[in-house]
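Heads up, my_file-v5.txt below (compact mmCIF, C-alpha atoms):
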# COMPACT_ATOMS: atom_id res chain seq x y z
CA MET A 1 -23.91 -14.55 -73.30
CA GLY A 2 -23.46 -11.21 -71.51
CA PRO A 3 -20.22 -9.31 -71.16
CA VAL A 4 -17.73 -10.58 -68.64
CA PRO A 5 -17.53 -8.23 -65.60
CA VAL A 6 -14.21 -6.50 -65.22
CA ALA A 7 -12.77 -5.91 -61.76
CA THR A 8 -12.49 -2.26 -61.00
CA VAL A 9 -9.29 -0.90 -59.54
CA PRO A 10 -9.73 1.75 -56.85
CA PRO A 11 -8.15 5.13 -57.42
CA ALA A 12 -4.54 5.49 -56.37
CA ASP A 13 -5.33 7.90 -53.54
CA GLU A 14 -8.04 5.57 -52.13
CA GLN A 15 -5.69 2.60 -52.27
CA ALA A 16 -3.02 4.54 -50.40
CA ARG A 17 -5.54 5.51 -47.72
CA VAL A 18 -6.62 1.89 -47.16
CA GLU A 19 -3.00 0.70 -46.95
CA ALA A 20 -2.20 3.39 -44.40
CA ALA A 21 -5.19 2.40 -42.27
CA ALA A 22 -4.17 -1.25 -42.41
CA ALA A 23 -0.64 -0.40 -41.37
CA ALA A 24 -1.96 1.60 -38.41
CA ALA A 25 -4.11 -1.36 -37.36
CA LYS A 26 -1.16 -3.74 -37.16
CA PRO A 27 -0.16 -4.86 -33.66
CA ALA A 28 2.32 -2.58 -31.95
CA ALA A 29 4.74 -5.45 -31.55
CA GLU A 30 4.85 -5.95 -35.37
CA ALA A 31 5.42 -2.28 -36.06
CA SER A 32 7.98 -1.73 -33.32
CA PRO A 33 8.83 -4.58 -30.91
CA PHE A 34 10.83 -2.29 -28.61
CA ARG A 35 8.01 0.24 -28.36
CA ALA A 36 5.47 -2.50 -27.62
CA TRP A 37 7.75 -3.94 -24.92
CA LEU A 38 8.22 -0.51 -23.36
CA ALA A 39 4.46 0.12 -23.42
CA ALA A 40 3.83 -3.20 -21.72
CA LEU A 41 6.31 -2.34 -19.00
CA SER A 42 4.72 1.05 -18.44
CA GLU A 43 1.21 -0.43 -18.30
CA GLY A 44 2.29 -2.98 -15.71
CA GLY A 45 3.95 -0.40 -13.48
CA SER A 46 7.47 -1.71 -14.11
CA THR A 47 8.69 1.65 -15.40
CA ARG A 48 7.68 3.31 -12.12
CA SER A 49 9.29 0.48 -10.14
CA ILE A 50 12.55 0.89 -12.04
CA GLY A 51 12.45 4.60 -11.26
CA LEU A 52 11.99 3.88 -7.56
CA VAL A 53 14.95 1.48 -7.63
CA VAL A 54 17.05 4.29 -9.11
CA VAL A 55 15.85 6.61 -6.32
CA LEU A 56 16.84 4.02 -3.72
CA ILE A 57 20.30 3.72 -5.26
CA ILE A 58 20.73 7.50 -5.20
CA LEU A 59 19.63 7.64 -1.56
CA CYS A 60 22.12 4.90 -0.69
CA ILE A 61 24.90 6.86 -2.39
CA VAL A 62 23.91 9.94 -0.39
CA GLY A 63 23.94 7.83 2.76
CA PHE A 64 27.43 6.50 2.04
CA ALA A 65 28.68 10.04 1.44
CA THR A 66 27.08 11.78 4.42
CA ALA A 67 26.98 9.23 7.26
CA ASP A 68 29.73 6.86 8.36
CA THR A 69 27.28 4.55 10.10
CA PHE A 70 24.86 4.25 7.16
CA ALA A 71 26.25 1.02 5.72
CA THR A 72 26.63 -0.77 9.05
CA THR A 73 24.73 -3.98 9.72
CA GLY A 74 22.97 -2.41 12.67
CA ASN A 75 21.67 0.52 10.61
CA ILE A 76 20.47 -1.69 7.77
CA ARG A 77 18.66 -3.84 10.33
CA THR A 78 17.11 -0.67 11.78
CA ILE A 79 15.91 0.50 8.36
CA LEU A 80 14.23 -2.81 7.57
CA THR A 81 12.70 -3.10 11.04
CA ASN A 82 11.32 0.43 10.89
CA ALA A 83 9.83 -0.31 7.47
CA SER A 84 8.13 -3.49 8.64
CA VAL A 85 5.20 -2.10 10.65
CA ILE A 86 4.16 0.68 8.27
CA GLY A 87 4.87 -1.66 5.37
CA VAL A 88 2.25 -4.14 6.56
CA VAL A 89 -0.28 -1.30 6.87
CA THR A 90 0.42 -0.20 3.28
CA VAL A 91 -0.53 -3.63 1.93
CA GLY A 92 -4.11 -3.16 3.10
CA MET A 93 -4.09 0.47 2.01
CA THR A 94 -3.01 -0.56 -1.49
CA PHE A 95 -5.99 -2.90 -1.84
CA VAL A 96 -8.39 -0.22 -0.62
CA ILE A 97 -7.07 2.47 -2.97
CA ILE A 98 -6.96 0.14 -5.99
CA GLY A 99 -10.59 -0.67 -5.16
CA GLY A 100 -11.47 3.02 -5.41
CA GLY A 101 -11.56 3.87 -1.71
CA ILE A 102 -9.41 5.48 0.97
CA ASP A 103 -8.78 4.59 4.61
CA LEU A 104 -7.78 7.36 6.98
CA SER A 105 -8.37 5.26 10.08
CA VAL A 106 -5.43 2.83 9.80
CA GLY A 107 -3.28 4.62 12.38
CA SER A 108 -6.07 4.70 14.92
CA LEU A 109 -6.88 1.04 14.26
CA VAL A 110 -3.27 0.15 15.06
CA GLY A 111 -3.53 2.10 18.31
CA LEU A 112 -6.89 0.56 19.26
CA ALA A 113 -5.75 -2.99 18.51
CA SER A 114 -2.52 -2.52 20.45
CA VAL A 115 -4.41 -1.27 23.51
CA TRP A 116 -7.11 -3.93 23.37
CA CYS A 117 -4.65 -6.81 23.11
CA THR A 118 -2.57 -5.56 26.06
CA THR A 119 -5.27 -5.12 28.69
CA VAL A 120 -4.77 -7.10 31.87
CA ALA A 121 -7.73 -9.35 31.00
CA THR A 122 -6.38 -10.14 27.53
CA GLN A 123 -2.81 -10.75 28.69
CA ALA A 124 -4.10 -13.23 31.24
CA TYR A 125 -5.01 -15.62 28.40
CA GLY A 126 -1.50 -15.66 26.97
CA PRO A 127 0.30 -14.47 23.83
CA PHE A 128 -1.80 -16.46 21.34
CA VAL A 129 -5.02 -14.79 22.50
CA MET A 130 -3.27 -11.41 22.48
CA VAL A 131 -2.35 -11.84 18.81
CA LEU A 132 -5.82 -13.14 17.96
CA CYS A 133 -7.42 -10.23 19.78
CA ALA A 134 -5.42 -7.65 17.81
CA LEU A 135 -6.28 -9.31 14.50
CA LEU A 136 -9.98 -9.57 15.35
CA VAL A 137 -10.19 -5.94 16.46
CA GLY A 138 -8.59 -4.83 13.20
CA VAL A 139 -10.86 -6.99 11.03
CA ILE A 140 -14.08 -6.07 12.86
CA VAL A 141 -13.43 -2.33 12.81
CA GLY A 142 -12.34 -2.56 9.17
CA LEU A 143 -15.56 -4.38 8.26
CA ILE A 144 -17.56 -1.70 10.11
CA ASN A 145 -15.88 0.90 7.90
CA GLY A 146 -16.64 -1.18 4.83
CA ALA A 147 -20.28 -1.79 5.77
CA LEU A 148 -20.94 1.91 6.36
CA ILE A 149 -19.33 2.77 3.03
CA ALA A 150 -20.77 -0.05 0.91
CA TYR A 151 -24.20 -0.61 2.41
CA GLY A 152 -24.72 2.78 4.05
CA ARG A 153 -23.61 4.54 0.84
CA LEU A 154 -21.43 6.95 2.79
CA VAL A 155 -18.30 8.66 1.48
CA PRO A 156 -15.12 6.70 2.37
CA PHE A 157 -13.28 9.88 3.34
CA ILE A 158 -15.93 10.86 5.88
CA VAL A 159 -16.43 7.37 7.31
CA THR A 160 -12.75 6.65 7.85
CA LEU A 161 -12.11 10.16 9.14
CA GLY A 162 -14.81 9.61 11.75
CA MET A 163 -13.31 6.22 12.62
CA LEU A 164 -9.87 7.83 12.90
CA ILE A 165 -11.22 10.02 15.70
CA GLY A 166 -13.56 7.46 17.26
CA ALA A 167 -11.10 4.56 17.37
CA ARG A 168 -8.42 6.75 18.91
CA GLY A 169 -10.90 7.96 21.53
CA LEU A 170 -11.94 4.39 22.33
CA ALA A 171 -8.30 3.40 22.71
CA GLN A 172 -7.77 6.26 25.14
CA GLN A 173 -10.85 5.23 27.10
CA ILE A 174 -9.76 1.59 27.37
CA ALA A 175 -6.19 2.44 28.37
CA GLY A 176 -7.20 5.30 30.64
CA LEU A 177 -4.52 7.41 28.93
CA GLN A 178 -1.94 5.02 30.38
CA THR A 179 0.70 2.88 28.70
CA GLN A 180 0.04 -0.83 29.21
CA VAL A 181 3.20 -2.88 29.65
CA VAL A 182 3.41 -6.29 27.95
CA LYS A 183 4.64 -8.91 30.42
CA SER A 184 4.72 -11.88 28.06
CA GLU A 185 8.27 -12.62 26.92
CA THR A 186 6.91 -14.88 24.21
CA PHE A 187 4.87 -12.04 22.76
CA ASN A 188 7.80 -9.60 22.92
CA GLY A 189 9.93 -12.25 21.23
CA ILE A 190 8.09 -11.48 18.00
CA ALA A 191 10.21 -8.34 17.77
CA ASP A 192 13.35 -9.61 19.47
CA GLY A 193 13.82 -12.88 17.59
CA ALA A 194 15.39 -13.56 14.22
CA PHE A 195 15.54 -16.34 11.63
CA LEU A 196 18.66 -16.76 9.47
CA GLY A 197 19.89 -13.49 10.92
CA VAL A 198 16.80 -11.60 9.71
CA PRO A 199 14.36 -10.23 12.34
CA TYR A 200 10.95 -11.83 12.57
CA LEU A 201 9.39 -8.43 11.86
CA VAL A 202 11.09 -8.30 8.48
CA TRP A 203 9.93 -11.82 7.67
CA LEU A 204 6.37 -10.78 8.56
CA LEU A 205 6.71 -7.79 6.24
CA LEU A 206 8.00 -9.91 3.34
CA GLY A 207 5.38 -12.59 3.95
CA THR A 208 2.54 -10.06 3.99
CA PHE A 209 3.69 -8.47 0.74
CA ALA A 210 4.13 -11.89 -0.87
CA ILE A 211 0.61 -13.00 0.10
CA GLY A 212 -0.79 -9.65 -0.98
CA TRP A 213 0.95 -9.88 -4.36
CA VAL A 214 -0.43 -13.37 -4.98
CA VAL A 215 -3.96 -12.32 -4.01
CA LEU A 216 -3.86 -9.15 -6.12
CA ASN A 217 -2.32 -10.66 -9.23
CA LEU A 218 -3.29 -14.33 -9.29
CA THR A 219 -6.75 -14.60 -7.74
CA THR A 220 -10.31 -13.68 -8.61
CA PHE A 221 -10.41 -11.38 -5.57
CA GLY A 222 -7.53 -9.34 -6.97
CA ARG A 223 -9.07 -9.09 -10.45
CA ARG A 224 -12.37 -8.00 -8.93
CA THR A 225 -10.57 -5.37 -6.86
CA VAL A 226 -9.09 -3.83 -10.00
CA ALA A 227 -12.45 -4.04 -11.77
CA VAL A 228 -14.37 -2.39 -8.92
CA GLY A 229 -11.84 0.43 -8.67
CA GLY A 230 -11.55 0.95 -12.43
CA ASN A 231 -15.23 0.93 -13.40
CA PRO A 232 -17.77 0.07 -10.67
CA GLU A 233 -20.73 0.06 -13.05
CA ALA A 234 -19.06 -2.32 -15.49
CA ALA A 235 -18.06 -4.53 -12.55
CA ARG A 236 -21.67 -4.60 -11.35
CA LEU A 237 -22.93 -5.53 -14.81
CA ALA A 238 -20.31 -8.30 -14.90
CA GLY A 239 -21.95 -9.86 -11.86
CA ILE A 240 -19.59 -8.66 -9.10
CA ASP A 241 -21.22 -7.85 -5.77
CA ILE A 242 -19.63 -4.42 -5.42
CA ARG A 243 -20.94 -3.74 -1.93
CA LEU A 244 -19.70 -7.02 -0.50
CA HIS A 245 -16.34 -6.69 -2.20
CA THR A 246 -15.89 -3.12 -0.95
CA ALA A 247 -16.66 -4.20 2.60
CA LEU A 248 -14.13 -7.02 2.32
CA LEU A 249 -11.44 -4.63 1.09
CA TYR A 250 -11.75 -2.60 4.27
CA GLY A 251 -11.70 -5.85 6.23
CA VAL A 252 -8.37 -6.66 4.58
CA SER A 253 -7.08 -3.23 5.56
CA GLY A 254 -8.21 -3.81 9.14
CA LEU A 255 -6.50 -7.22 9.20
CA CYS A 256 -3.23 -5.62 8.14
CA CYS A 257 -3.66 -2.99 10.86
CA GLY A 258 -4.19 -5.73 13.44
CA LEU A 259 -1.00 -7.49 12.36
CA ALA A 260 0.88 -4.18 12.41
CA ALA A 261 -0.42 -3.59 15.95
CA VAL A 262 1.01 -6.94 17.05
CA MET A 263 4.38 -6.07 15.53
CA LEU A 264 4.49 -2.57 17.00
CA THR A 265 3.32 -3.70 20.43
CA ALA A 266 5.98 -6.41 20.53
CA GLN A 267 8.59 -3.91 19.37
CA THR A 268 7.77 -1.40 22.11
CA ALA A 269 6.71 -4.02 24.70
CA SER A 270 3.67 -1.87 25.43
CA GLY A 271 0.21 -0.94 24.25
CA SER A 272 -0.64 2.73 23.96
CA SER A 273 -3.39 4.85 22.43
CA THR A 274 -0.67 6.89 20.75
CA ASN A 275 0.57 3.92 18.74
CA GLY A 276 0.14 4.33 15.00
CA GLN A 277 -0.11 8.11 14.95
CA ASN A 278 0.21 9.53 11.40
CA TYR A 279 0.42 6.03 9.93
CA GLU A 280 -2.42 6.91 7.58
CA LEU A 281 -0.34 9.70 6.02
CA ASP A 282 2.78 7.56 5.63
CA ALA A 283 0.80 4.64 4.21
CA ILE A 284 -1.06 6.74 1.64
CA ALA A 285 2.19 8.48 0.67
CA ALA A 286 4.01 5.17 0.13
CA VAL A 287 1.13 3.81 -1.96
CA ILE A 288 1.04 6.93 -4.14
CA ILE A 289 4.80 6.95 -4.57
CA GLY A 290 4.57 3.31 -5.62
CA GLY A 291 2.34 4.22 -8.56
CA THR A 292 -1.13 3.26 -7.35
CA LEU A 293 -3.72 5.67 -8.75
CA LEU A 294 -5.76 7.57 -6.19
CA THR A 295 -8.76 7.22 -8.50
CA GLY A 296 -8.50 3.43 -8.26
CA GLY A 297 -8.31 0.68 -10.84
CA ARG A 298 -4.56 0.39 -11.08
CA GLY A 299 -1.72 -0.27 -8.67
CA THR A 300 1.14 -2.55 -7.76
CA LEU A 301 2.34 -3.95 -4.46
CA VAL A 302 5.92 -4.05 -5.75
CA GLY A 303 5.77 -0.28 -6.19
CA THR A 304 4.22 0.10 -2.74
CA PHE A 305 7.04 -1.93 -1.21
CA LEU A 306 9.63 0.26 -2.91
CA GLY A 307 7.74 3.37 -1.79
CA VAL A 308 7.90 2.20 1.83
CA LEU A 309 11.65 1.67 1.50
CA VAL A 310 12.12 5.14 -0.04
CA PHE A 311 10.31 6.87 2.82
CA THR A 312 12.03 4.80 5.49
CA LEU A 313 15.43 5.45 3.95
CA ILE A 314 14.80 9.19 3.74
CA THR A 315 13.81 9.27 7.41
CA ASN A 316 16.90 7.28 8.34
CA LEU A 317 19.17 9.67 6.43
CA PHE A 318 17.60 12.66 8.14
CA ILE A 319 18.15 11.11 11.56
CA LEU A 320 21.77 10.18 10.80
CA ASN A 321 22.44 13.73 9.63
CA ASN A 322 20.69 15.27 12.66
CA LEU A 323 17.99 17.02 10.63
CA SER A 324 14.92 18.13 12.55
CA THR A 325 11.48 16.57 12.33
CA PRO A 326 9.95 19.65 10.61
CA VAL A 327 12.50 19.28 7.81
CA GLN A 328 11.57 15.59 7.48
CA ASN A 329 7.88 16.40 7.27
CA LEU A 330 8.53 19.14 4.71
CA ALA A 331 10.50 16.75 2.52
CA LYS A 332 7.81 14.06 2.75
CA GLY A 333 5.12 16.61 1.88
CA LEU A 334 7.02 17.74 -1.21
CA ILE A 335 7.50 14.14 -2.30
CA ILE A 336 3.77 13.44 -1.97
CA LEU A 337 2.86 16.56 -3.95
CA GLY A 338 5.36 15.62 -6.64
CA ALA A 339 3.93 12.11 -6.91
CA VAL A 340 0.35 13.40 -7.20
CA LEU A 341 1.35 15.91 -9.88
CA LEU A 342 3.16 13.16 -11.77
CA GLN A 343 0.06 10.95 -11.60
CA ARG A 344 -2.11 13.75 -12.92
CA ARG A 345 0.29 14.43 -15.78
CA ARG A 346 0.35 10.74 -16.72
CA SER A 347 -3.46 10.56 -16.58
CA GLU A 348 -3.84 13.62 -18.81
CA SER A 349 -1.33 12.30 -21.31
CA ALA A 350 -3.12 8.94 -21.38
CA THR A 351 -6.43 10.62 -22.24

Before anything else, please render the file you have as structure tokens.
Amino acid sequence: MGPVPVATVPPADEQARVEAAAAAAKPAAEASPFRAWLAALSEGGSTRSIGLVVVLIILCIVGFATADTFATTGNIRTILTNASVIGVVTVGMTFVIIGGGIDLSVGSLVGLASVWCTTVATQAYGPFVMVLCALLVGVIVGLINGALIAYGRLVPFIVTLGMLIGARGLAQQIAGLQTQVVKSETFNGIADGAFLGVPYLVWLLLGTFAIGWVVLNLTTFGRRTVAVGGNPEAARLAGIDIRLHTALLYGVSGLCCGLAAVMLTAQTASGSSTNGQNYELDAIAAVIIGGTLLTGGRGTLVGTFLGVLVFTLITNLFILNNLSTPVQNLAKGLIILGAVLLQRRRSESAT
């Protein structure tokens, strides 16, 4: 009978190395529950959202201190109403940017839809057709953008920049450089009416964000949007039709622009080719401030909503304190630059 094999014991230094590697491989929650919880919050965008809430609180304190009329019911109603139209536009912009694109044409789409739905011929069919017309114009033009980008393999920046100019020119041609007055009291009632003391426009804003949040976070469409924006090649290999999905994202953006056109047209009781000017800048700024990456693949509608409120509140404070428009634009530009620099720093630290 041969000798019984004896188990060998690894050297002390090798054993220590293995134990250290095993400890490093343990889940973060086991090593440090607080750190794992904080990392989860940061990954989900909650840390950025908390920061935006703090900014809103600071802005409210500044408003209380500098303007006597800031805390009045009328001013709060004005803030929320002003945030409603651009807020709806930012929902579509958030989807597009998370999907790895950009849409510079949203302001012009709002102007085109507002003009098209207020022509004499359209108004003759009543308020329902006016609303339907604005939504269809937004969706169709958005899908044209998406088709040129996805199937024509053109750069989103160039396509939407061209549509920004072309849609505005078409709106001017249809309106003949004139403002078209809305004669339907029912249509104008969209902006004038309220439910439970809250304007219809604010309800439309909240409803749009709620639907957008559900679609982005709880549906296959939302998961595919994140996948396409984060890694298009991996999404293609996973069986996602990237071209179709990209086209649909721009259709969603166009739909939001059509709804925003209805809201703005009812608010001003007129359709004009100048409606929606600079909306693209405000929408992109709010999305960036909210934490959505310009490179795509990550974003949150909660952050976008808070970003819209931050920009609207800043504008309101400037108006109440009689600050000029150039000062407002300068402040917004600095905020955008700061947000982009912060995103870049976070991306570099993550890599």

(message) With distances taken over all atoms listed in the file, which residue among A:Val55, A:Ala67, A:Leu248, A:Ile319 lies nearest Ile149 of chain A?
(response) A:Leu248

(request) Dig up all the protein and nucleic acid residues within 12 Å of (10.1, -0.1, 23.1) in the file frame, using all atoms listed in the file, and format them as JSON, numbers by chain. (result) {"A": [179, 180, 181, 182, 188, 191, 192, 263, 264, 265, 266, 267, 268, 269, 270, 271, 272, 275]}

If you keep C-alpha atoms, can you produce a file of those selected residues as a PDB file, keeping the file's coordinate frame?
ATOM      1  CA  THR A 179       0.700   2.880  28.700  1.00  0.00           C
ATOM      2  CA  GLN A 180       0.040  -0.830  29.210  1.00  0.00           C
ATOM      3  CA  VAL A 181       3.200  -2.880  29.650  1.00  0.00           C
ATOM      4  CA  VAL A 182       3.410  -6.290  27.950  1.00  0.00           C
ATOM      5  CA  ASN A 188       7.800  -9.600  22.920  1.00  0.00           C
ATOM      6  CA  ALA A 191      10.210  -8.340  17.770  1.00  0.00           C
ATOM      7  CA  ASP A 192      13.350  -9.610  19.470  1.00  0.00           C
ATOM      8  CA  MET A 263       4.380  -6.070  15.530  1.00  0.00           C
ATOM      9  CA  LEU A 264       4.490  -2.570  17.000  1.00  0.00           C
ATOM     10  CA  THR A 265       3.320  -3.700  20.430  1.00  0.00           C
ATOM     11  CA  ALA A 266       5.980  -6.410  20.530  1.00  0.00           C
ATOM     12  CA  GLN A 267       8.590  -3.910  19.370  1.00  0.00           C
ATOM     13  CA  THR A 268       7.770  -1.400  22.110  1.00  0.00           C
ATOM     14  CA  ALA A 269       6.710  -4.020  24.700  1.00  0.00           C
ATOM     15  CA  SER A 270       3.670  -1.870  25.430  1.00  0.00           C
ATOM     16  CA  GLY A 271       0.210  -0.940  24.250  1.00  0.00           C
ATOM     17  CA  SER A 272      -0.640   2.730  23.960  1.00  0.00           C
ATOM     18  CA  ASN A 275       0.570   3.920  18.740  1.00  0.00           C
TER      19      ASN A 275
END

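Considering all atoms listed in the file, the residue among A:Cys256, A:Arg77, A:Ser273, A:Gly107 positioned nearest to Leu204 of chain A is A:Cys256.
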
(request) Quick one: everything within 12 Å of segment 231-240 of chain A, counting only C-alpha atoms, minus sequence neighbours fewer than 5 positions away in the same chain. Send it as a PyMOL selection string. (result) chain A and resi 98-101+150+220-221+223-226+245-246+295-298

Residues just named, written with C-alpha atoms as a compact mmCIF listing (two decimals), keeping the file's coordinate frame:
# COMPACT_ATOMS: atom_id res chain seq x y z
CA ILE A 98 -6.96 0.14 -5.99
CA GLY A 99 -10.59 -0.67 -5.16
CA GLY A 100 -11.47 3.02 -5.41
CA GLY A 101 -11.56 3.87 -1.71
CA ALA A 150 -20.77 -0.05 0.91
CA THR A 220 -10.31 -13.68 -8.61
CA PHE A 221 -10.41 -11.38 -5.57
CA ARG A 223 -9.07 -9.09 -10.45
CA ARG A 224 -12.37 -8.00 -8.93
CA THR A 225 -10.57 -5.37 -6.86
CA VAL A 226 -9.09 -3.83 -10.00
CA HIS A 245 -16.34 -6.69 -2.20
CA THR A 246 -15.89 -3.12 -0.95
CA THR A 295 -8.76 7.22 -8.50
CA GLY A 296 -8.50 3.43 -8.26
CA GLY A 297 -8.31 0.68 -10.84
CA ARG A 298 -4.56 0.39 -11.08

(message) I'd like the interatomic distance between atom CA of Gly162 of chain A and atom CA of Leu337 of chain A, to a tenth of an Å.
(response) 24.6 Å

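Interatomic distance, atom CA of Ala210 of chain A to atom CA of Val129 of chain A: 25.3 Å.
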
(request) Name all residues at most 6 Å from Tyr250 of chain A (count all atoms listed in the file; drop same-chain ones fewer than 6 positions away) and give them as a PyMOL selection string. (result) chain A and resi 142-143+146

Return as lines of an AutoDock Vina configuration file the centre and edge lengths, in Å with one decimal, of the box along x, y and z that encloses every atom of segment 243-256 of chain A in the file, padded by 3 Å per side.
center_x = -12.1
center_y = -4.9
center_z = 3.5
size_x = 23.7
size_y = 10.6
size_z = 17.4

(message) Nearest residue to Thr160 of chain A out of A:Glu280, A:Val252, A:Val110, A:Thr90, using all atoms listed in the file?
(response)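 The shortest atom-to-atom distance to Thr160 of chain A comes from A:Glu280.
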
(message) Nearest residue to Ala113 of chain A out of A:Gly333, A:Gly303, A:Gly254, A:Gly230, using all atoms listed in the file?
(response) A:Gly254

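Here atom CA of Phe128 of chain A and atom CA of Ile190 of chain A stand 11.6 Å from one another.
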
(request) Using only C-alpha atoms, pick whichever of A:Leu341, A:Gly63, A:Ile57, A:Gly111 has the shortest atom-to-atom distance to Leu177 of chain A. (result) A:Gly111

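Restricting the calculation to all atoms listed in the file, the smallest distance between Pro127 of chain A and any of A:Lys332, A:Arg168, A:Arg243, A:Lys183 is found for A:Lys183.
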
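By chain and then residue number, the residues within 12 Å of Ile336 of chain A are Leu281, Asp282, Ala283, Ile284, Ala285, Ala286, Val287, Ile288, Ile289, Gly290, Gly291, Leu294, Gly307, Val310, Phe311, Asn329, Leu330, Ala331, Lys332, Gly333, Ala339, Val340, Leu341, Leu342 and Gln343 of chain A, counting all atoms listed in the file and disregarding those fewer than 3 positions away in sequence.
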